[in-house]
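The data block below is upload-v5.txt; it holds compact mmCIF, C-alpha atoms and all ligand atoms.
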# COMPACT_ATOMS: atom_id res chain seq x y z
CA MET I 93 0.00 0.00 0.00
CA ALA I 94 1.18 3.52 -0.74
CA ARG I 95 2.77 5.34 2.17
CA VAL I 96 0.92 8.44 3.37
CA ALA I 97 2.78 11.75 3.31
CA ILE I 98 1.63 15.04 4.74
CA VAL I 99 3.08 18.31 3.48
CA THR I 100 2.34 21.43 5.53
CA GLY I 101 1.84 24.53 3.44
CA GLY I 102 1.53 22.02 0.63
CA THR I 103 -0.87 23.83 -1.70
CA ARG I 104 1.35 26.54 -3.15
CA GLY I 105 4.97 27.53 -3.64
CA ILE I 106 7.64 25.07 -2.56
CA GLY I 107 5.10 22.96 -0.67
CA ALA I 108 2.94 22.46 -3.77
CA ALA I 109 5.98 21.27 -5.73
CA ILE I 110 6.82 18.86 -2.89
CA SER I 111 3.25 17.49 -2.79
CA VAL I 112 3.28 16.88 -6.53
CA LYS I 113 6.72 15.26 -6.52
CA LEU I 114 5.84 12.92 -3.64
CA LYS I 115 2.63 11.92 -5.43
CA GLU I 116 4.67 11.21 -8.60
CA ASN I 117 6.93 9.01 -6.46
CA GLY I 118 3.97 6.89 -5.34
CA PHE I 119 3.01 8.42 -2.01
CA THR I 120 -0.58 9.16 -1.02
CA VAL I 121 -0.29 12.87 -0.26
CA ALA I 122 -2.28 15.20 1.99
CA ALA I 123 -1.54 18.89 1.50
CA ASN I 124 -2.17 21.14 4.49
CA TYR I 125 -2.72 24.92 4.18
CA ALA I 126 -3.66 27.86 6.38
CA GLY I 127 -6.44 29.90 4.83
CA ASN I 128 -6.07 30.51 1.10
CA ASP I 129 -9.10 28.42 0.11
CA ASP I 130 -9.12 29.48 -3.55
CA LYS I 131 -5.52 28.40 -4.09
CA ALA I 132 -6.14 25.15 -2.22
CA ARG I 133 -9.25 24.34 -4.25
CA ALA I 134 -7.48 25.05 -7.54
CA PHE I 135 -4.51 22.94 -6.42
CA THR I 136 -6.74 19.96 -5.58
CA GLU I 137 -8.62 20.27 -8.88
CA GLU I 138 -5.36 20.37 -10.82
CA THR I 139 -3.47 17.63 -8.99
CA GLY I 140 -6.10 15.41 -7.35
CA ILE I 141 -4.24 15.89 -4.03
CA PRO I 142 -6.67 16.54 -1.14
CA ALA I 143 -6.12 19.73 0.85
CA TYR I 144 -6.65 20.01 4.61
CA LYS I 145 -6.95 23.35 6.36
CA TRP I 146 -5.49 24.09 9.77
CA ASP I 147 -2.98 26.41 11.39
CA VAL I 148 0.18 24.40 12.13
CA GLY I 149 0.98 26.88 14.90
CA ASP I 150 -2.14 25.81 16.80
CA PHE I 151 -1.27 22.67 18.79
CA GLU I 152 -4.80 21.27 19.11
CA ALA I 153 -5.65 22.01 15.49
CA ALA I 154 -2.51 20.17 14.34
CA GLN I 155 -3.37 17.09 16.43
CA GLU I 156 -6.96 17.07 15.14
CA GLY I 157 -5.84 17.66 11.55
CA CYS I 158 -3.41 14.75 11.62
CA THR I 159 -6.03 12.46 13.20
CA LYS I 160 -8.41 13.35 10.36
CA VAL I 161 -5.77 12.72 7.66
CA ALA I 162 -4.86 9.36 9.23
CA ALA I 163 -8.52 8.34 9.47
CA GLU I 164 -9.17 9.21 5.82
CA LEU I 165 -5.89 8.16 4.16
CA GLY I 166 -4.04 5.87 6.58
CA PRO I 167 -1.21 6.23 9.10
CA ILE I 168 1.14 9.13 8.36
CA GLU I 169 4.59 7.80 7.47
CA VAL I 170 6.14 10.94 5.97
CA LEU I 171 5.93 14.45 7.40
CA VAL I 172 7.26 17.47 5.52
CA ASN I 173 7.25 20.56 7.72
CA ASN I 174 7.22 23.22 5.03
CA ALA I 175 4.66 25.81 6.21
CA GLY I 176 6.26 29.15 6.94
CA ILE I 177 5.66 32.89 7.02
CA THR I 178 7.76 36.04 7.16
CA ARG I 179 7.10 39.23 9.16
CA ASP I 180 10.25 41.18 8.31
CA GLY I 181 11.57 44.37 9.87
CA THR I 182 14.58 45.62 11.76
CA ILE I 183 14.35 44.94 15.46
CA SER I 184 13.38 48.54 16.19
CA ARG I 185 10.34 48.18 13.92
CA MET I 186 9.48 44.53 14.55
CA THR I 187 6.56 44.09 16.93
CA HIS I 188 6.28 41.45 19.60
CA GLN I 189 3.42 40.01 17.55
CA ASP I 190 5.71 39.72 14.48
CA TRP I 191 8.19 37.81 16.63
CA ASP I 192 5.57 35.53 18.18
CA ASP I 193 3.78 34.72 14.91
CA VAL I 194 6.96 33.70 13.11
CA ILE I 195 8.27 31.57 15.99
CA ARG I 196 4.84 30.01 16.64
CA ILE I 197 4.15 29.06 13.02
CA ASN I 198 7.61 28.31 11.58
CA LEU I 199 9.20 26.60 14.60
CA GLY I 200 6.21 25.75 16.80
CA GLY I 201 4.52 24.22 13.75
CA CYS I 202 7.34 21.66 13.45
CA PHE I 203 6.91 20.65 17.09
CA ASN I 204 3.11 20.47 16.85
CA MET I 205 3.22 18.31 13.74
CA ALA I 206 6.00 16.05 15.00
CA LYS I 207 4.06 15.51 18.25
CA ALA I 208 1.17 14.21 16.15
CA CYS I 209 3.20 12.09 13.69
CA PHE I 210 6.43 10.91 15.34
CA PRO I 211 4.99 8.43 17.92
CA GLY I 212 3.23 6.40 15.21
CA MET I 213 6.33 6.35 13.01
CA ARG I 214 8.42 5.18 15.95
CA GLU I 215 5.91 2.46 16.77
CA ARG I 216 5.75 1.23 13.14
CA LYS I 217 9.56 1.48 12.90
CA TRP I 218 9.60 3.53 9.71
CA GLY I 219 9.25 7.23 9.15
CA ARG I 220 10.62 10.23 7.31
CA ILE I 221 10.50 13.80 8.60
CA VAL I 222 11.88 16.62 6.46
CA ASN I 223 11.90 20.14 7.88
CA ILE I 224 12.28 23.13 5.58
CA GLY I 225 14.79 25.52 7.13
CA SER I 226 16.47 28.36 5.27
CA ILE I 227 19.75 29.84 4.18
CA ASN I 228 18.74 32.73 6.45
CA GLY I 229 18.64 30.37 9.41
CA GLN I 230 22.21 29.35 8.59
CA ALA I 231 23.66 32.75 7.77
CA GLY I 232 21.25 35.28 9.33
CA GLN I 233 19.62 38.09 7.37
CA TYR I 234 19.16 41.81 7.96
CA GLY I 235 15.60 42.55 9.09
CA GLN I 236 14.79 38.94 9.97
CA VAL I 237 15.69 38.25 13.60
CA ASN I 238 12.39 36.38 14.03
CA TYR I 239 12.65 34.31 10.85
CA ALA I 240 16.39 33.59 11.20
CA ALA I 241 15.85 32.49 14.81
CA ALA I 242 12.93 30.22 13.87
CA LYS I 243 14.78 28.66 10.93
CA SER I 244 17.98 28.23 12.91
CA GLY I 245 15.82 26.58 15.58
CA ILE I 246 14.51 24.17 12.96
CA HIS I 247 18.04 23.04 12.21
CA GLY I 248 18.63 22.28 15.94
CA PHE I 249 15.20 20.63 16.24
CA THR I 250 16.11 18.37 13.30
CA LYS I 251 19.37 17.16 14.84
CA ALA I 252 17.76 16.50 18.24
CA LEU I 253 14.75 14.59 16.88
CA ALA I 254 17.02 12.63 14.52
CA GLN I 255 18.71 11.19 17.59
CA GLU I 256 15.35 10.09 19.01
CA GLY I 257 14.28 8.45 15.76
CA ALA I 258 17.52 6.79 14.69
CA LYS I 259 17.02 3.42 16.36
CA PHE I 260 13.44 3.17 15.13
CA GLY I 261 13.87 3.64 11.39
CA VAL I 262 12.69 7.24 11.58
CA THR I 263 14.99 9.71 9.82
CA VAL I 264 14.78 13.45 10.43
CA ASN I 265 16.52 15.85 8.07
CA ALA I 266 16.36 19.47 7.02
CA ILE I 267 16.65 21.27 3.73
CA ALA I 268 17.95 24.82 3.73
CA PRO I 269 16.73 26.47 0.52
CA GLY I 270 18.35 29.56 -0.85
CA TYR I 271 16.18 32.11 -2.67
CA ILE I 272 13.40 30.29 -4.52
CA ASP I 273 10.99 31.86 -6.99
CA THR I 274 7.69 31.80 -5.01
CA ASP I 275 5.13 34.28 -3.63
CA MET I 276 7.31 34.66 -0.52
CA VAL I 277 10.23 35.96 -2.57
CA ALA I 278 7.93 38.00 -4.81
CA ALA I 279 7.25 40.06 -1.65
CA VAL I 280 10.92 41.14 -1.50
CA PRO I 281 11.36 44.63 -3.04
CA GLU I 282 12.80 44.41 -6.59
CA ASN I 283 15.95 46.44 -5.85
CA VAL I 284 16.73 44.19 -2.85
CA LEU I 285 16.08 41.05 -4.91
CA GLU I 286 18.45 42.22 -7.66
CA LYS I 287 21.22 42.53 -5.09
CA ILE I 288 20.41 39.07 -3.71
CA VAL I 289 20.50 37.42 -7.16
CA ALA I 290 23.84 39.12 -7.86
CA ARG I 291 25.26 37.22 -4.87
CA ILE I 292 24.04 33.79 -6.05
CA PRO I 293 26.94 32.08 -7.87
CA VAL I 294 24.67 30.23 -10.32
CA GLY I 295 23.14 33.62 -11.19
CA ARG I 296 19.44 32.91 -10.75
CA LEU I 297 16.70 32.15 -8.24
CA GLY I 298 15.99 28.50 -7.52
CA GLN I 299 12.82 26.74 -8.65
CA ALA I 300 10.41 25.08 -6.20
CA GLU I 301 10.87 21.76 -8.05
CA GLU I 302 14.59 21.85 -7.22
CA ILE I 303 13.72 21.78 -3.50
CA ALA I 304 11.06 19.12 -4.08
CA ARG I 305 13.60 16.76 -5.65
CA GLY I 306 15.78 17.02 -2.54
CA VAL I 307 12.80 16.33 -0.28
CA ALA I 308 11.80 13.34 -2.40
CA TYR I 309 15.27 11.84 -2.03
CA LEU I 310 15.20 12.24 1.78
CA CYS I 311 11.72 10.65 1.92
CA GLY I 312 12.72 7.62 -0.12
CA GLU I 313 13.74 4.12 0.92
CA ASP I 314 17.31 4.79 -0.29
CA ALA I 315 17.90 7.55 2.27
CA GLY I 316 17.66 5.37 5.38
CA PHE I 317 21.26 6.13 6.42
CA VAL I 318 20.79 9.90 6.07
CA THR I 319 19.59 11.46 9.29
CA GLY I 320 20.24 14.66 11.24
CA SER I 321 21.62 16.28 8.10
CA THR I 322 20.92 19.59 6.45
CA MET I 323 20.90 19.67 2.67
CA SER I 324 21.65 23.16 1.36
CA ILE I 325 20.02 23.89 -2.01
CA ASN I 326 20.99 27.47 -2.68
CA GLY I 327 22.88 27.89 -5.96
CA GLY I 328 26.14 28.17 -4.03
CA GLN I 329 25.09 31.30 -2.13
CA HIS I 330 26.16 29.96 1.25
CA MET I 331 28.72 27.17 1.62
CA TYR I 332 29.89 25.56 4.81
P1 LIG A 401 4.67 30.60 0.26
O1 LIG A 401 4.40 31.85 1.02
O2 LIG A 401 4.66 30.63 -1.23
O3 LIG A 401 3.64 29.45 0.75
C1 LIG A 401 3.50 29.23 2.11
C2 LIG A 401 2.60 28.03 2.35
O4 LIG A 401 2.54 27.82 3.77
C3 LIG A 401 1.18 28.23 1.89
O5 LIG A 401 0.63 27.00 1.45
C4 LIG A 401 0.46 28.68 3.18
O6 LIG A 401 -0.93 28.38 3.19
C5 LIG A 401 1.19 27.84 4.20
N1 LIG A 401 1.08 28.36 5.55
C6 LIG A 401 1.46 29.59 6.01
N2 LIG A 401 1.17 29.70 7.31
C7 LIG A 401 0.61 28.51 7.69
C8 LIG A 401 0.05 28.02 8.88
N3 LIG A 401 0.03 28.76 9.99
N4 LIG A 401 -0.48 26.77 8.89
C9 LIG A 401 -0.49 26.02 7.78
N5 LIG A 401 0.02 26.43 6.60
C10 LIG A 401 0.55 27.66 6.56
O7 LIG A 401 6.05 30.08 0.82
P2 LIG A 401 7.27 29.36 0.07
O8 LIG A 401 6.75 28.26 -0.77
O9 LIG A 401 8.15 30.38 -0.52
O10 LIG A 401 8.06 28.76 1.33
C11 LIG A 401 7.83 27.45 1.80
C12 LIG A 401 8.81 27.19 2.93
O11 LIG A 401 10.15 27.35 2.45
C13 LIG A 401 8.68 28.14 4.11
O12 LIG A 401 8.93 27.46 5.31
C14 LIG A 401 9.77 29.16 3.85
O13 LIG A 401 10.18 29.78 5.03
C15 LIG A 401 10.84 28.26 3.27
N6 LIG A 401 11.83 28.96 2.48
C16 LIG A 401 11.46 29.66 1.36
C17 LIG A 401 12.41 30.31 0.60
C18 LIG A 401 12.06 31.05 -0.64
O14 LIG A 401 12.99 31.66 -1.21
N7 LIG A 401 10.85 31.04 -1.12
C19 LIG A 401 13.82 30.29 0.99
C20 LIG A 401 14.11 29.52 2.16
C21 LIG A 401 13.12 28.89 2.88
P3 LIG A 401 -2.01 29.39 2.48
O15 LIG A 401 -1.86 29.15 1.00
O16 LIG A 401 -3.32 28.95 3.02
O17 LIG A 401 -1.62 30.77 2.88

Target format structure tokens, applied to this file:
Amino acid sequence: MARVAIVTGGTRGIGAAISVKLKENGFTVAANYAGNDDKARAFTEETGIPAYKWDVGDFEAAQEGCTKVAAELGPIEVLVNNAGITRDGTISRMTHQDWDDVIRINLGGCFNMAKACFPGMRERKWGRIVNIGSINGQAGQYGQVNYAAAKSGIHGFTKALAQEGAKFGVTVNAIAPGYIDTDMVAAVPENVLEKIVARIPVGRLGQAEEIARGVAYLCGEDAGFVTGSTMSINGGQHMY
């Protein structure tokens, strides 16, 4: 039987590409989203992948959402924590709410979803968790103390949970994308984006499908010895 994969923020941008790629690779996919019903409906019509709405930053909603997915599709064997938001601003302009929202959704969402999915994976002795971090969690970024802290936290979260899963066939890895051509990056002012692209050695933004292919590898049977790692997919913008 096909393994069930859940992709948070899986109806547009990088998440949509991940959902589609995992479906192509034979998984039964559930795509979660937050509130953009029109995009979610269009995505489901186009791909046949069901969409499930809840806020990953809400602990109870995440537990209930995963219970519903498992009841309808089967036990969740793959979790891709992709949902994320930005609320940029220098620290003097950033509000406490901007800080809280980004930490709650980007980092808290990973915890909430793993709480719902990890115990079953551990029990069944097979699981794949892939967390989408960011180049800005690795290197920092002006005007993003909240986002860089959340994404950096995801990288630590990944290494810690990988240690808990290792003996039970559950791998936990992260991908740190560089700048990828999605709505999130479209929100960056053009003059700032030009400067960013000038610093990318391959000379262009990445495509969502390029992240999806990395996720698909980490979710596959062949990646059982890969755990606690961070795969950077960034056109050479940040190397270490
Ligand atoms: P988009 O803004 O294009 O899409 C974000 C997705 O996340 C949407 O499906 C959105 O749902 C969903 N989402 C947002 N908040 C929540 C929430 N509280 N609960 C559930 N779902 C939520 O983002 P990208 O595709 O660009 O980014 C995807 C991930 O990759 C993010 O974690 C981002 O931080 C990371 N990343 C992106 C980079 C880039 O250059 N684009 C670079 C590095 C990392 P809805 O449609 O309902 O709003």

Once 4 Å is added on each side, what are the centre and the three edge lengths, in Å to one decimal, of the axis-aligned box enclosing the listed atoms of ligand LIG 401 (chain A)? Present them as lines of an AutoDock Vina configuration file.
center_x = 5.4
center_y = 28.9
center_z = 4.4
size_x = 25.4
size_y = 13.8
size_z = 19.2

Report task. Using atom CA of Ser324 of chain I and atom CA of Pro269 of chain I as the two end points, give the distance in Å to one decimal. Result -> 6.0 Å

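One finds atom CA of Thr319 of chain I at 19.9 Å from atom C15 of ligand LIG 401 (chain A).
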
Report task. For ligand LIG 401 (chain A), collect every residue having any atom at a distance of at most 8 Å from a ligand atom (counting all atoms listed in the file); output as a PyMOL selection string. Result -> chain I and resi 100-108+124-129+131-132+145-150+173-178+197-198+201+224-228+239+243+268-277+297-298+300

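The nearest approach to Ile168 of chain I among the residues I:Lys287, I:Arg296, I:Arg220, I:Lys115, with only C-alpha atoms taken into account, belongs to I:Arg220.
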
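Restricting the calculation to only C-alpha atoms, the smallest distance between Gly327 of chain I and any of I:Asn223, I:Gln299, I:Thr139, I:Gln233 is found for I:Gln299.
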
**Report entry** Between atom CA of Phe119 of chain I and atom CA of Glu138 of chain I - distance in Å to one decimal
**Finding:** 17.0 Å

Report summary line: Counting all atoms listed in the file, closest pick from I:Leu199, I:Leu310, I:Val99, I:Ile303 relative to Ile325 of chain I is I:Ile303

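Between Asp192 of chain I and the candidates I:Val280, I:Val237, I:Cys209, I:Ile110, the tightest atom-to-atom separation, counting all atoms listed in the file, involves I:Val237.
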
Contacts of Leu171 of chain I within 12 Å, all atoms listed in the file, excl. fewer than 5 positions in-chain, as a short mmCIF file (atom, residue, chain, number, x, y, z; two decimals) with C-alpha atoms, in the frame of the given file:
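Once everything was written out, this is around_32.cif:
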data_model
loop_
_atom_site.label_atom_id
_atom_site.label_comp_id
_atom_site.auth_asym_id
_atom_site.auth_seq_id
_atom_site.Cartn_x
_atom_site.Cartn_y
_atom_site.Cartn_z
CA ARG I 95 2.77 5.34 2.17
CA VAL I 96 0.92 8.44 3.37
CA ALA I 97 2.78 11.75 3.31
CA ILE I 98 1.63 15.04 4.74
CA VAL I 99 3.08 18.31 3.48
CA THR I 100 2.34 21.43 5.53
CA GLY I 101 1.84 24.53 3.44
CA GLY I 102 1.53 22.02 0.63
CA GLY I 107 5.10 22.96 -0.67
CA ILE I 110 6.82 18.86 -2.89
CA SER I 111 3.25 17.49 -2.79
CA LEU I 114 5.84 12.92 -3.64
CA PHE I 119 3.01 8.42 -2.01
CA THR I 120 -0.58 9.16 -1.02
CA VAL I 121 -0.29 12.87 -0.26
CA ALA I 122 -2.28 15.20 1.99
CA ALA I 123 -1.54 18.89 1.50
CA ASN I 124 -2.17 21.14 4.49
CA CYS I 158 -3.41 14.75 11.62
CA VAL I 161 -5.77 12.72 7.66
CA GLY I 201 4.52 24.22 13.75
CA CYS I 202 7.34 21.66 13.45
CA PHE I 203 6.91 20.65 17.09
CA ASN I 204 3.11 20.47 16.85
CA MET I 205 3.22 18.31 13.74
CA ALA I 206 6.00 16.05 15.00
CA LYS I 207 4.06 15.51 18.25
CA ALA I 208 1.17 14.21 16.15
CA CYS I 209 3.20 12.09 13.69
CA PHE I 210 6.43 10.91 15.34
CA GLY I 212 3.23 6.40 15.21
CA MET I 213 6.33 6.35 13.01
CA TRP I 218 9.60 3.53 9.71
CA GLY I 219 9.25 7.23 9.15
CA ARG I 220 10.62 10.23 7.31
CA ILE I 221 10.50 13.80 8.60
CA VAL I 222 11.88 16.62 6.46
CA ASN I 223 11.90 20.14 7.88
CA ILE I 224 12.28 23.13 5.58
CA VAL I 262 12.69 7.24 11.58
CA THR I 263 14.99 9.71 9.82
CA VAL I 264 14.78 13.45 10.43
CA ASN I 265 16.52 15.85 8.07
CA ALA I 266 16.36 19.47 7.02
CA VAL I 307 12.80 16.33 -0.28
CA ALA I 308 11.80 13.34 -2.40
CA LEU I 310 15.20 12.24 1.78
CA CYS I 311 11.72 10.65 1.92
#

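Between Phe260 of chain I and the candidates I:Ala290, I:Gly248, I:Arg216, I:Ala241, the tightest atom-to-atom separation, counting all atoms listed in the file, involves I:Arg216.
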
Report task. For each of I:Ala94, I:Met186, I:Ala154, I:Ile141, take the minimum atom-to-atom distance to Val170 of chain I, counting all atoms listed in the file, then give the residue where this is smallest. Result ->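 Checking each candidate against Val170 of chain I, we get I:Ala94 as the closest.
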
Write out N, CA and C atoms for segment 233-260 of chain I, as a short mmCIF file (atom, residue, chain, number, x, y, z; two decimals), in the frame of the given file.
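Dumped to selection16.cif:
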data_model
loop_
_atom_site.label_atom_id
_atom_site.label_comp_id
_atom_site.auth_asym_id
_atom_site.auth_seq_id
_atom_site.Cartn_x
_atom_site.Cartn_y
_atom_site.Cartn_z
N GLN I 233 20.01 37.14 8.42
CA GLN I 233 19.62 38.09 7.37
C GLN I 233 19.13 39.38 8.02
N TYR I 234 19.59 40.48 7.49
CA TYR I 234 19.16 41.81 7.96
C TYR I 234 17.62 41.89 7.95
N GLY I 235 17.06 42.36 9.05
CA GLY I 235 15.60 42.55 9.09
C GLY I 235 14.81 41.28 9.34
N GLN I 236 15.50 40.21 9.77
CA GLN I 236 14.79 38.94 9.97
C GLN I 236 15.19 38.25 11.27
N VAL I 237 15.28 38.96 12.37
CA VAL I 237 15.69 38.25 13.60
C VAL I 237 14.69 37.15 13.96
N ASN I 238 13.41 37.40 13.71
CA ASN I 238 12.39 36.38 14.03
C ASN I 238 12.54 35.16 13.12
N TYR I 239 12.60 35.41 11.83
CA TYR I 239 12.65 34.31 10.85
C TYR I 239 13.97 33.54 10.96
N ALA I 240 15.08 34.27 11.09
CA ALA I 240 16.39 33.59 11.20
C ALA I 240 16.44 32.74 12.47
N ALA I 241 15.86 33.26 13.55
CA ALA I 241 15.85 32.49 14.81
C ALA I 241 14.99 31.24 14.66
N ALA I 242 13.83 31.38 14.05
CA ALA I 242 12.93 30.22 13.87
C ALA I 242 13.59 29.18 12.98
N LYS I 243 14.19 29.61 11.88
CA LYS I 243 14.78 28.66 10.93
C LYS I 243 16.03 28.01 11.53
N SER I 244 16.82 28.79 12.23
CA SER I 244 17.98 28.23 12.91
C SER I 244 17.51 27.20 13.94
N GLY I 245 16.42 27.52 14.63
CA GLY I 245 15.82 26.58 15.58
C GLY I 245 15.41 25.28 14.91
N ILE I 246 14.92 25.38 13.70
CA ILE I 246 14.51 24.17 12.96
C ILE I 246 15.72 23.27 12.73
N HIS I 247 16.86 23.87 12.45
CA HIS I 247 18.04 23.04 12.21
C HIS I 247 18.44 22.30 13.50
N GLY I 248 18.35 22.95 14.66
CA GLY I 248 18.63 22.28 15.94
C GLY I 248 17.59 21.22 16.26
N PHE I 249 16.33 21.56 16.03
CA PHE I 249 15.20 20.63 16.24
C PHE I 249 15.43 19.35 15.44
N THR I 250 15.88 19.51 14.21
CA THR I 250 16.11 18.37 13.30
C THR I 250 17.16 17.43 13.88
N LYS I 251 18.27 18.00 14.33
CA LYS I 251 19.37 17.16 14.84
C LYS I 251 18.97 16.44 16.13
N ALA I 252 18.19 17.12 16.98
CA ALA I 252 17.76 16.50 18.24
C ALA I 252 16.76 15.37 17.98
N LEU I 253 15.77 15.62 17.13
CA LEU I 253 14.75 14.59 16.88
C LEU I 253 15.35 13.42 16.10
N ALA I 254 16.35 13.71 15.27
CA ALA I 254 17.02 12.63 14.52
C ALA I 254 17.61 11.62 15.49
N GLN I 255 18.12 12.10 16.60
CA GLN I 255 18.71 11.19 17.59
C GLN I 255 17.64 10.32 18.24
N GLU I 256 16.44 10.88 18.42
CA GLU I 256 15.35 10.09 19.01
C GLU I 256 14.81 9.05 18.04
N GLY I 257 14.88 9.35 16.74
CA GLY I 257 14.28 8.45 15.76
C GLY I 257 15.22 7.38 15.23
N ALA I 258 16.53 7.60 15.40
CA ALA I 258 17.52 6.79 14.69
C ALA I 258 17.38 5.28 14.88
N LYS I 259 17.09 4.86 16.08
CA LYS I 259 17.02 3.42 16.36
C LYS I 259 15.69 2.81 15.91
N PHE I 260 14.79 3.64 15.46
CA PHE I 260 13.44 3.17 15.13
C PHE I 260 13.10 3.34 13.65
#
